[in-house]
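Peer 1: Contents of start_10.txt (compact mmCIF, C-alpha atoms) are given next:
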# COMPACT_ATOMS: atom_id res chain seq x y z
CA MET A 12 -28.30 -10.61 6.17
CA SER A 13 -26.83 -14.08 5.72
CA LEU A 14 -25.02 -14.70 2.46
CA PRO A 15 -23.88 -17.72 0.40
CA GLN A 16 -21.95 -20.06 2.66
CA SER A 17 -19.67 -23.08 2.71
CA LYS A 18 -19.86 -26.04 5.08
CA SER A 19 -17.89 -24.48 7.89
CA LEU A 20 -17.63 -20.79 7.04
CA VAL A 21 -20.50 -18.32 6.83
CA LEU A 22 -20.14 -15.04 4.96
CA ARG A 23 -22.24 -12.08 6.08
CA THR A 24 -22.30 -8.33 5.63
CA ILE A 25 -21.10 -6.82 8.90
CA SER A 26 -21.17 -3.39 10.53
CA ARG A 27 -18.22 -1.03 10.35
CA GLU A 28 -17.87 -1.41 14.13
CA GLN A 29 -17.48 -5.20 13.82
CA HIS A 30 -15.02 -4.75 10.96
CA LEU A 31 -12.92 -2.22 12.88
CA ALA A 32 -12.91 -4.31 16.08
CA TYR A 33 -11.60 -7.28 14.09
CA ILE A 34 -8.82 -5.20 12.44
CA GLN A 35 -7.86 -3.85 15.89
CA SER A 36 -7.53 -7.42 17.21
CA LEU A 37 -4.80 -8.21 14.64
CA PRO A 38 -1.07 -7.34 14.82
CA SER A 39 -1.64 -5.28 11.63
CA ALA A 40 -3.56 -5.08 8.35
CA SER A 41 -3.39 -2.90 5.25
CA HIS A 42 -4.63 0.67 5.60
CA CYS A 43 -6.69 -0.05 2.44
CA GLN A 44 -8.76 -2.55 4.45
CA VAL A 45 -9.82 -0.39 7.41
CA PRO A 46 -13.51 0.65 7.25
CA ALA A 47 -12.68 4.38 6.98
CA TRP A 48 -10.78 3.76 3.72
CA ALA A 49 -14.23 3.55 2.09
CA ASP A 50 -14.80 7.21 3.09
CA VAL A 51 -11.50 8.21 1.48
CA LYS A 52 -12.62 6.62 -1.82
CA THR A 53 -15.92 8.48 -2.19
CA GLU A 54 -16.28 7.64 -5.88
CA TRP A 55 -16.76 3.97 -4.93
CA ARG A 56 -19.73 2.36 -3.14
CA SER A 57 -18.56 0.16 -0.26
CA GLU A 58 -19.51 -2.89 1.76
CA ASN A 59 -18.02 -4.64 4.80
CA LEU A 60 -17.89 -8.44 4.62
CA GLY A 61 -17.23 -10.84 7.50
CA TRP A 62 -16.41 -14.56 7.58
CA PHE A 63 -17.67 -16.51 10.61
CA ASP A 64 -16.53 -19.98 11.70
CA GLY A 65 -18.74 -22.82 12.96
CA ALA A 66 -18.69 -21.34 16.48
CA GLY A 67 -19.97 -17.98 15.20
CA GLN A 68 -16.58 -16.26 15.69
CA LEU A 69 -15.57 -13.55 13.20
CA VAL A 70 -12.42 -14.96 11.55
CA GLY A 71 -11.90 -12.68 8.53
CA VAL A 72 -13.05 -9.37 7.02
CA GLY A 73 -13.02 -7.63 3.67
CA LEU A 74 -13.63 -4.05 2.57
CA VAL A 75 -15.21 -4.18 -0.90
CA LEU A 76 -15.27 -1.09 -3.09
CA TYR A 77 -17.75 -1.08 -5.99
CA ARG A 78 -17.18 1.12 -9.04
CA GLN A 79 -20.03 1.38 -11.51
CA LEU A 80 -19.36 0.90 -15.21
CA PRO A 81 -20.27 3.96 -17.31
CA LYS A 82 -23.94 3.82 -18.44
CA ILE A 83 -24.84 0.37 -16.99
CA LYS A 84 -25.67 -0.88 -13.49
CA ARG A 85 -22.82 -3.36 -13.29
CA TYR A 86 -19.80 -3.00 -11.03
CA LEU A 87 -16.14 -3.74 -10.65
CA ALA A 88 -15.74 -5.09 -7.09
CA TYR A 89 -12.32 -4.29 -5.65
CA LEU A 90 -10.71 -5.45 -2.40
CA PRO A 91 -7.45 -3.43 -2.23
CA GLU A 92 -4.74 -5.37 -0.34
CA GLY A 93 -7.45 -7.70 0.89
CA PRO A 94 -9.53 -9.48 1.98
CA VAL A 95 -8.08 -9.96 5.47
CA ILE A 96 -8.46 -13.75 5.75
CA ASN A 97 -6.28 -16.79 6.44
CA TRP A 98 -4.61 -16.98 3.03
CA HIS A 99 -2.73 -20.16 3.91
CA ALA A 100 -5.86 -22.09 4.91
CA PRO A 101 -6.04 -25.45 3.08
CA ASN A 102 -9.69 -24.69 2.20
CA LEU A 103 -9.07 -21.37 0.43
CA ASP A 104 -11.95 -21.95 -1.98
CA GLU A 105 -14.34 -22.18 1.00
CA TRP A 106 -13.35 -18.58 1.81
CA LEU A 107 -13.45 -17.19 -1.72
CA GLN A 108 -16.37 -19.01 -3.42
CA PRO A 109 -19.06 -17.53 -1.10
CA MET A 110 -17.47 -14.10 -1.65
CA LEU A 111 -17.68 -14.45 -5.45
CA ALA A 112 -21.30 -15.66 -5.24
CA HIS A 113 -22.21 -12.67 -3.06
CA LEU A 114 -20.41 -10.12 -5.25
CA LYS A 115 -22.20 -11.53 -8.32
CA GLN A 116 -25.55 -11.05 -6.51
CA GLN A 117 -24.52 -7.43 -5.89
CA GLY A 118 -24.14 -6.84 -9.65
CA ALA A 119 -20.36 -7.23 -9.96
CA PHE A 120 -19.16 -8.27 -13.43
CA SER A 121 -15.54 -8.59 -12.28
CA VAL A 122 -13.68 -8.92 -8.97
CA LYS A 123 -10.18 -7.61 -8.29
CA MET A 124 -8.33 -8.37 -5.07
CA GLY A 125 -4.81 -7.98 -3.72
CA PRO A 126 -3.91 -10.86 -1.41
CA PRO A 127 -1.52 -9.49 1.28
CA VAL A 128 0.76 -12.50 0.70
CA VAL A 129 4.55 -11.96 0.41
CA ILE A 130 6.37 -14.19 -2.08
CA ARG A 131 9.99 -12.90 -2.06
CA ARG A 132 12.31 -10.55 -0.18
CA TRP A 133 15.67 -9.05 -1.20
CA ASP A 134 17.93 -7.47 1.40
CA ALA A 135 19.88 -4.27 0.67
CA ALA A 136 23.11 -6.16 -0.10
CA ALA A 137 21.39 -8.33 -2.74
CA ILE A 138 19.82 -5.26 -4.38
CA LYS A 139 23.16 -3.41 -4.40
CA SER A 140 24.91 -6.33 -6.09
CA GLY A 141 22.09 -6.38 -8.66
CA ILE A 142 22.54 -2.67 -9.36
CA GLN A 143 26.30 -3.17 -9.84
CA ASP A 144 25.83 -6.06 -12.30
CA PRO A 145 25.45 -4.65 -15.85
CA ASP A 146 23.56 -7.79 -16.97
CA VAL A 147 20.87 -7.32 -14.32
CA LYS A 148 17.99 -5.06 -15.33
CA ARG A 149 15.21 -6.19 -12.97
CA LEU A 150 14.83 -7.13 -9.33
CA ARG A 151 13.49 -10.56 -10.32
CA ASP A 152 16.83 -11.28 -12.07
CA VAL A 153 18.50 -11.10 -8.64
CA GLU A 154 18.42 -14.16 -6.40
CA ALA A 155 15.98 -13.47 -3.56
CA THR A 156 17.31 -13.46 0.01
CA GLU A 157 14.14 -15.09 1.22
CA ILE A 158 11.43 -17.04 -0.64
CA GLU A 159 8.05 -17.93 0.89
CA PRO A 160 7.08 -21.35 -0.58
CA ARG A 161 3.52 -21.13 0.78
CA ALA A 162 2.91 -18.09 -1.42
CA PHE A 163 3.39 -20.24 -4.54
CA GLU A 164 0.71 -22.60 -3.18
CA VAL A 165 -1.69 -19.65 -2.81
CA SER A 166 -1.01 -18.59 -6.44
CA ASP A 167 -1.54 -22.17 -7.69
CA ARG A 168 -4.83 -22.48 -5.80
CA LEU A 169 -6.10 -19.16 -7.15
CA ARG A 170 -5.28 -20.21 -10.73
CA LYS A 171 -7.08 -23.53 -10.28
CA MET A 172 -10.15 -21.64 -9.01
CA GLY A 173 -10.20 -19.50 -12.16
CA TRP A 174 -8.57 -16.32 -10.83
CA GLN A 175 -6.29 -14.55 -13.31
CA GLN A 176 -3.05 -12.80 -12.44
CA GLY A 177 -3.69 -9.08 -12.93
CA GLU A 178 -1.30 -7.18 -15.14
CA ASP A 179 0.73 -4.64 -13.16
CA GLY A 180 -1.32 -1.52 -13.75
CA GLY A 181 -4.37 -3.43 -14.99
CA ALA A 182 -8.02 -2.45 -14.84
CA GLY A 183 -7.95 -0.84 -11.40
CA PHE A 184 -9.25 2.61 -12.32
CA GLY A 185 -5.89 4.05 -11.30
CA ASP A 186 -6.16 2.58 -7.80
CA VAL A 187 -3.96 -0.46 -8.39
CA GLN A 188 -1.71 -1.15 -5.41
CA PRO A 189 2.04 -1.73 -5.83
CA ARG A 190 3.32 -5.29 -6.18
CA TYR A 191 6.84 -4.34 -5.03
CA VAL A 192 7.37 -2.29 -1.88
CA PHE A 193 10.34 -1.34 0.28
CA GLN A 194 10.26 -2.04 4.02
CA VAL A 195 12.54 -1.48 6.99
CA PRO A 196 12.00 -4.29 9.54
CA LEU A 197 11.97 -2.94 13.13
CA ALA A 198 11.04 -6.00 15.22
CA ASN A 199 13.80 -7.30 17.52
CA ARG A 200 16.23 -4.54 16.47
CA SER A 201 17.53 -1.60 18.48
CA LEU A 202 17.36 1.89 16.93
CA ASP A 203 21.15 1.84 16.82
CA GLU A 204 21.06 -1.34 14.74
CA VAL A 205 18.53 0.25 12.39
CA LEU A 206 20.74 3.32 11.94
CA LYS A 207 23.84 1.13 11.40
CA GLY A 208 21.87 -0.59 8.61
CA PHE A 209 21.62 2.71 6.70
CA ASN A 210 24.30 3.21 4.07
CA GLN A 211 27.07 5.77 4.54
CA LEU A 212 25.40 8.35 2.32
CA TRP A 213 22.16 8.23 4.34
CA ARG A 214 23.99 8.50 7.66
CA ARG A 215 26.06 11.39 6.30
CA ASN A 216 22.91 13.16 5.03
CA ILE A 217 21.14 12.75 8.39
CA LYS A 218 24.19 14.34 10.10
CA LYS A 219 24.35 17.07 7.45
CA ALA A 220 20.66 17.99 8.04
CA GLU A 221 21.23 18.06 11.80
CA LYS A 222 24.28 20.30 11.43
CA ALA A 223 22.40 22.66 9.08
CA GLY A 224 19.67 23.03 11.71
CA VAL A 225 16.88 21.17 9.88
CA GLU A 226 14.05 20.46 12.32
CA VAL A 227 11.26 17.98 11.75
CA VAL A 228 7.84 18.77 13.23
CA GLN A 229 4.39 17.20 13.17
CA GLY A 230 1.58 19.12 11.50
CA GLY A 231 -2.20 18.92 11.76
CA TYR A 232 -5.33 19.43 9.69
CA ASN A 233 -4.74 23.20 9.48
CA ASP A 234 -1.36 22.60 7.84
CA LEU A 235 -2.77 20.70 4.86
CA ALA A 236 -2.73 23.83 2.67
CA GLU A 237 1.03 24.08 3.28
CA TRP A 238 1.36 20.34 2.54
CA GLN A 239 -0.54 20.89 -0.73
CA ARG A 240 1.79 23.72 -1.76
CA LEU A 241 4.87 21.48 -1.46
CA TYR A 242 3.05 18.51 -3.00
CA GLU A 243 2.06 20.52 -6.10
CA ILE A 244 5.66 21.74 -6.54
CA THR A 245 6.70 18.06 -6.44
CA ALA A 246 3.99 17.04 -8.93
CA GLU A 247 5.14 19.66 -11.41
CA ARG A 248 8.79 18.65 -11.03
CA ASP A 249 8.13 14.90 -11.27
CA HIS A 250 5.39 15.12 -13.93
CA PHE A 251 2.45 13.49 -12.16
CA ARG A 252 -1.10 14.70 -11.61
CA PRO A 253 -1.53 15.80 -7.98
CA ARG A 254 -4.58 14.89 -5.92
CA PRO A 255 -6.61 17.93 -4.76
CA GLN A 256 -6.26 19.31 -1.24
CA SER A 257 -9.81 18.13 -0.51
CA TYR A 258 -8.61 14.52 -0.89
CA PHE A 259 -6.05 14.93 1.90
CA GLU A 260 -8.52 16.84 4.09
CA ARG A 261 -11.02 14.02 3.70
CA MET A 262 -8.32 11.41 4.33
CA TRP A 263 -7.24 13.21 7.52
CA THR A 264 -10.79 13.64 8.82
CA VAL A 265 -12.14 10.14 8.17
CA LEU A 266 -9.02 8.17 9.13
CA ASN A 267 -8.37 10.10 12.33
CA THR A 268 -12.05 9.98 13.30
CA GLU A 269 -11.79 6.18 13.10
CA ASP A 270 -8.53 6.14 15.08
CA PRO A 271 -6.91 9.38 16.35
CA ASN A 272 -3.46 8.01 15.45
CA ARG A 273 -4.26 6.63 11.97
CA MET A 274 -2.71 9.46 9.91
CA ARG A 275 0.09 11.90 10.65
CA LEU A 276 1.67 14.80 8.79
CA TYR A 277 5.36 15.78 9.05
CA PHE A 278 7.32 18.82 7.87
CA ALA A 279 11.08 19.31 7.59
CA ARG A 280 11.94 22.97 8.24
CA HIS A 281 15.06 24.96 7.59
CA GLU A 282 15.45 28.53 8.85
CA GLY A 283 11.72 28.70 9.52
CA GLU A 284 10.73 27.52 6.02
CA ASN A 285 9.03 24.19 5.24
CA VAL A 286 11.15 22.46 2.60
CA ALA A 287 9.82 18.88 2.72
CA ALA A 288 6.67 17.13 3.95
CA ALA A 289 5.24 13.63 4.25
CA THR A 290 2.12 11.79 5.35
CA MET A 291 2.23 8.67 7.52
CA LEU A 292 -0.41 5.96 8.03
CA ILE A 293 -0.57 3.59 11.01
CA VAL A 294 -2.49 0.32 11.43
CA GLY A 295 -1.33 -1.73 14.41
CA GLY A 296 2.37 -2.54 14.07
CA HIS A 297 2.56 -1.55 10.39
CA VAL A 298 3.52 2.06 9.61
CA TRP A 299 3.56 3.49 6.09
CA TYR A 300 5.29 6.50 4.61
CA SER A 301 2.39 7.34 2.33
CA TYR A 302 2.93 10.57 0.32
CA GLY A 303 6.04 12.73 0.13
CA ALA A 304 6.75 16.26 -1.11
CA SER A 305 9.68 18.66 -1.25
CA ALA A 306 10.63 22.13 -2.45
CA ASN A 307 12.94 22.68 -5.42
CA HIS A 308 15.54 24.49 -3.32
CA LYS A 309 17.52 23.76 -0.12
CA ARG A 310 18.00 20.15 -1.16
CA GLU A 311 21.62 20.40 -0.02
CA VAL A 312 20.49 20.50 3.64
CA ARG A 313 18.94 17.01 3.13
CA PRO A 314 15.47 17.61 4.59
CA SER A 315 14.01 14.35 3.21
CA ASN A 316 16.62 12.20 4.95
CA ALA A 317 16.05 14.03 8.24
CA MET A 318 12.29 13.60 7.92
CA GLN A 319 12.44 9.87 7.13
CA TRP A 320 14.74 9.29 10.10
CA ARG A 321 12.34 11.13 12.42
CA MET A 322 9.32 9.21 11.05
CA LEU A 323 11.13 5.92 11.43
CA ARG A 324 12.10 6.76 15.03
CA ASP A 325 8.48 7.69 15.80
CA ALA A 326 7.28 4.42 14.26
CA TYR A 327 9.81 2.58 16.42
CA ALA A 328 8.64 4.43 19.56
CA MET A 329 5.05 3.34 18.77
CA GLY A 330 6.21 -0.27 18.82
CA ALA A 331 5.91 -0.74 15.04
CA THR A 332 7.33 -3.97 13.62
CA VAL A 333 7.79 -2.57 10.10
CA TYR A 334 8.32 0.86 8.53
CA ASP A 335 6.98 0.66 4.99
CA LEU A 336 8.28 3.05 2.33
CA ARG A 337 5.61 1.77 -0.08
CA GLY A 338 5.95 1.25 -3.83
CA ILE A 339 9.07 0.73 -5.89
CA SER A 340 9.47 -0.38 -9.48
CA ASP A 341 11.36 -3.65 -10.01
CA SER A 342 13.73 -1.89 -12.44
CA LEU A 343 17.42 -1.85 -11.50
CA ASP A 344 18.36 -0.10 -14.74
CA GLU A 345 20.05 3.23 -13.95
CA THR A 346 18.58 4.82 -17.10
CA ASP A 347 15.01 4.06 -15.94
CA HIS A 348 13.18 7.15 -14.60
CA LEU A 349 11.95 5.11 -11.59
CA PHE A 350 15.43 3.90 -10.62
CA GLY A 351 16.02 6.87 -8.29
CA LEU A 352 13.16 5.68 -6.10
CA ILE A 353 14.71 2.30 -5.27
CA GLN A 354 18.15 3.91 -4.97
CA PHE A 355 16.84 6.36 -2.33
CA LYS A 356 14.98 3.66 -0.40
CA VAL A 357 17.71 0.99 -0.49
CA GLY A 358 19.92 3.42 1.46
CA THR A 359 17.78 2.71 4.54
CA GLY A 360 19.20 -0.81 4.66
CA GLY A 361 15.72 -2.33 4.46
CA GLU A 362 14.43 -4.91 2.02
CA ALA A 363 12.47 -5.05 -1.22
CA VAL A 364 9.32 -7.10 -0.77
CA GLU A 365 7.28 -8.70 -3.56
CA TYR A 366 3.62 -9.59 -3.02
CA ILE A 367 1.80 -12.13 -5.20
CA GLY A 368 0.12 -9.19 -6.95
CA GLU A 369 -3.47 -8.41 -7.79
CA TRP A 370 -5.86 -11.05 -9.14
CA ASP A 371 -9.00 -10.76 -11.26
CA PHE A 372 -12.05 -13.00 -11.46
CA PRO A 373 -14.25 -12.21 -14.47
CA LEU A 374 -17.84 -12.98 -13.44
CA ASN A 375 -18.96 -11.74 -16.87
CA LYS A 376 -16.16 -12.38 -19.39
CA LEU A 377 -17.59 -10.06 -22.04
CA LEU A 378 -17.88 -7.03 -19.74
CA HIS A 379 -14.48 -7.82 -18.18
CA LYS A 380 -12.89 -7.80 -21.65
CA ALA A 381 -14.72 -4.57 -22.56
CA LEU A 382 -13.35 -2.95 -19.39
CA ASP A 383 -9.80 -4.10 -20.21
CA MET A 384 -10.10 -2.54 -23.66
CA TYR A 385 -11.57 0.68 -22.25
CA MET A 386 -8.73 0.95 -19.69
CA SER A 387 -5.97 0.27 -22.23
CA ARG A 388 -7.29 3.09 -24.45
CA ARG A 389 -7.44 5.66 -21.63
Show how you would write the structure in this file as structure tokens.
Peer 2:
Amino acid sequence: MSLPQSKSLVLRTISREQHLAYIQSLPSASHCQVPAWADVKTEWRSENLGWFDGAGQLVGVGLVLYRQLPKIKRYLAYLPEGPVINWHAPNLDEWLQPMLAHLKQQGAFSVKMGPPVVIRRWDAAAIKSGIQDPDVKRLRDVEATEIEPRAFEVSDRLRKMGWQQGEDGGAGFGDVQPRYVFQVPLANRSLDEVLKGFNQLWRRNIKKAEKAGVEVVQGGYNDLAEWQRLYEITAERDHFRPRPQSYFERMWTVLNTEDPNRMRLYFARHEGENVAAATMLIVGGHVWYSYGASANHKREVRPSNAMQWRMLRDAYAMGATVYDLRGISDSLDETDHLFGLIQFKVGTGGEAVEYIGEWDFPLNKLLHKALDMYMSRR
């Protein structure tokens, strides 16, 4: 069916096959925007949107997830890390207005999206100097190594169109994507250069694991029970609520049915015992370390370092341009419980990357406000 359209762009619902073919034609896209991601998120209804240019060519796609409000037939429409469009196009409203009109027709009272637009990067040296400075408490207090001026233009345009900057951890039903991530760039670097970029402690830990006989192996669907065991130990230790094993089984099945190399599972073993595990996601040249888990013992043989190094080497062998260690907090305060996360990741010599964050468009201001209040009380 043909949907609301602008002068030169036409928005239509498309098939999953069209959506997937378009994603496969790109260097990379977020794993949250592949069609199979809708099958991972079974509690949401989904729709595939496509933008076509004047010549009828598909030039952009979006995976929309709809979550129904309790008791009424109105929806939050969510495009995690999407849509996959030309964010720097001068006519951005011609892309987004037809989308808003369509989502309103579908019964959405509010739209949340996460433009995959990078605004700042900090290299490892900049982050380390920030950590050493007692006056610095947050990443944004440190001068960025790289600033993307076009990202500010995107933010300005969105504000002018009536989009609102989402609060970090806003009304995303617990599915809000991280604004800050940590990435190791792999393009135009040799593996030796990547390893030299690691700090001394990381290199020492990789050697230590090797010497202790830690081996890293790939697992499959039948190993997900073992993954779950380690993951639940980690959840108890780090005080978070673990996802059920069925979630990972579904993730494995639907993602690898779409593309046999979309999701991988790794284990670090010592003396025949699995002591750490991780999941990996792959879309084109972008590879993500997705979930991690480890036992409470044998930490001295450094299984996590060995596993990350193996995963990074595998990503490199696949021709990946970036190895993404996913979310970090922007806190550089050593007393913060999330500080250990950035400390562990910065040792890889990569960079902290800030996206422009998630944005909300209230199509019904009253319901949007009610949802905000409901979420803040949860």
Peer 1: Using all atoms listed in the file, which residue out of A:His297, A:Gly361, A:Leu336, A:Asp104 lies closest to A:Gly208?
Peer 2: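 Smallest distance to A:Gly208 is found for A:Gly361.
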Peer 1: Give me, please, the distance in Å between atom CA of A:Leu349 and atom CA of A:Asp335, quoted to one decimal.
Peer 2: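 So the answer is 17.9 Å.
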Peer 1: For a quick check of understanding, using all atoms listed in the file, which of A:Phe120, A:Trp98, A:Trp55, A:Tyr366 has the smallest distance to A:Lys380?
Peer 2: A:Phe120
Peer 1: Applying 12 Å and only C-alpha atoms, which residues near A:Gly283 remain after dropping the ones on its own chain fewer than 6 positions away? List them as a ChimeraX atom specification.
Peer 2: /A:224-228
Peer 1: Residues of stretch 258-317 of chain A within 12 Å of stretch 231-237 of chain A: nearest atom pair and distance (Å, one decimal) for each, counting only C-alpha atoms, sorted by chain and number, as a tab-separated table?
Peer 2:
residue	atom	partner	partner_atom	distance
A:Tyr258	CA	A:Leu235	CA	10.3
A:Phe259	CA	A:Leu235	CA	7.3
A:Glu260	CA	A:Tyr232	CA	6.9
A:Arg261	CA	A:Tyr232	CA	9.9
A:Met262	CA	A:Tyr232	CA	10.1
A:Trp263	CA	A:Tyr232	CA	6.9
A:Thr264	CA	A:Tyr232	CA	8.0
A:Val265	CA	A:Tyr232	CA	11.6
A:Leu266	CA	A:Tyr232	CA	11.9
A:Asn267	CA	A:Tyr232	CA	10.2
A:Pro271	CA	A:Gly231	CA	11.6
A:Asn272	CA	A:Gly231	CA	11.6
A:Met274	CA	A:Gly231	CA	9.7
A:Arg275	CA	A:Gly231	CA	7.5
A:Leu276	CA	A:Gly231	CA	6.4
A:Tyr277	CA	A:Gly231	CA	8.6
A:Phe278	CA	A:Glu237	CA	9.4
A:Ala279	CA	A:Glu237	CA	11.9
A:Glu284	CA	A:Glu237	CA	10.7
A:Asn285	CA	A:Glu237	CA	8.2
A:Val286	CA	A:Glu237	CA	10.3
A:Ala287	CA	A:Glu237	CA	10.2
A:Ala288	CA	A:Glu237	CA	9.0
A:Ala289	CA	A:Leu235	CA	10.7
A:Thr290	CA	A:Leu235	CA	10.2
A:Met291	CA	A:Gly231	CA	11.9
A:Ala304	CA	A:Glu237	CA	10.6
A:Ser305	CA	A:Glu237	CA	11.2
A:Ala306	CA	A:Glu237	CA	11.3
Peer 1: Check the smallest atom-to-atom distance from each of A:Leu197, A:His348, A:Gly295, A:Ser166 to A:Asp249 using only C-alpha atoms, then report the winner.
Peer 2: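 Among A:Leu197, A:His348, A:Gly295, A:Ser166, it is A:His348 that comes nearest to A:Asp249.
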Peer 1: I'd like the interatomic distance between atom CA of A:Met124 and atom CA of A:Leu90, to a tenth of an Å.
Peer 2: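 Between atom CA of A:Met124 and atom CA of A:Leu90 the gap is 4.6 Å.
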Peer 1: Pick the closest to A:Leu114 from A:Ser57, A:Gln211, A:Thr156, A:Gln354: which is it, counting all atoms listed in the file?
Peer 2: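 Selected residue with least distance to A:Leu114: A:Ser57.
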Peer 1: Between atom CA of A:Lys148 and atom CA of A:Asn216, what is the distance, to one decimal in Å?
Peer 2: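 About the pair atom CA of A:Lys148 and atom CA of A:Asn216: they are 27.8 Å apart.
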Peer 1: Which residues, written as a ChimeraX atom specification, have at least one atom at most 12 Å from stretch 162-164 of chain A, with only C-alpha atoms counted and residues fewer than 6 positions away on the same chain left out?
Peer 2: /A:98-103,126-131,170-171,365-368
Peer 1: Generate the missing atoms of stretch 214-226 of chain A up to N, CA and C atoms and report them as a short mmCIF file (atom, residue, chain, number, x, y, z; two decimals), in the coordinates of the input.
Peer 2:
data_model
loop_
_atom_site.label_atom_id
_atom_site.label_comp_id
_atom_site.auth_asym_id
_atom_site.auth_seq_id
_atom_site.Cartn_x
_atom_site.Cartn_y
_atom_site.Cartn_z
N ARG A 214 23.54 8.07 6.32
CA ARG A 214 23.99 8.50 7.66
C ARG A 214 24.63 9.88 7.58
N ARG A 215 25.41 10.09 6.50
CA ARG A 215 26.06 11.39 6.30
C ARG A 215 25.01 12.48 6.09
N ASN A 216 23.96 12.17 5.32
CA ASN A 216 22.91 13.16 5.03
C ASN A 216 22.09 13.50 6.27
N ILE A 217 21.87 12.50 7.13
CA ILE A 217 21.14 12.75 8.39
C ILE A 217 21.96 13.71 9.26
N LYS A 218 23.28 13.46 9.32
CA LYS A 218 24.19 14.34 10.10
C LYS A 218 24.23 15.74 9.50
N LYS A 219 24.28 15.79 8.16
CA LYS A 219 24.35 17.07 7.45
C LYS A 219 23.11 17.92 7.77
N ALA A 220 21.93 17.29 7.75
CA ALA A 220 20.66 17.99 8.04
C ALA A 220 20.66 18.52 9.47
N GLU A 221 21.17 17.68 10.38
CA GLU A 221 21.23 18.06 11.80
C GLU A 221 22.13 19.28 11.98
N LYS A 222 23.29 19.22 11.33
CA LYS A 222 24.28 20.30 11.43
C LYS A 222 23.74 21.61 10.84
N ALA A 223 22.95 21.47 9.76
CA ALA A 223 22.40 22.66 9.08
C ALA A 223 21.22 23.25 9.85
N GLY A 224 20.77 22.52 10.90
CA GLY A 224 19.67 23.03 11.71
C GLY A 224 18.28 22.68 11.17
N VAL A 225 18.20 21.61 10.37
CA VAL A 225 16.88 21.17 9.88
C VAL A 225 16.11 20.60 11.07
N GLU A 226 14.87 21.06 11.26
CA GLU A 226 14.05 20.46 12.32
C GLU A 226 12.82 19.82 11.70
#
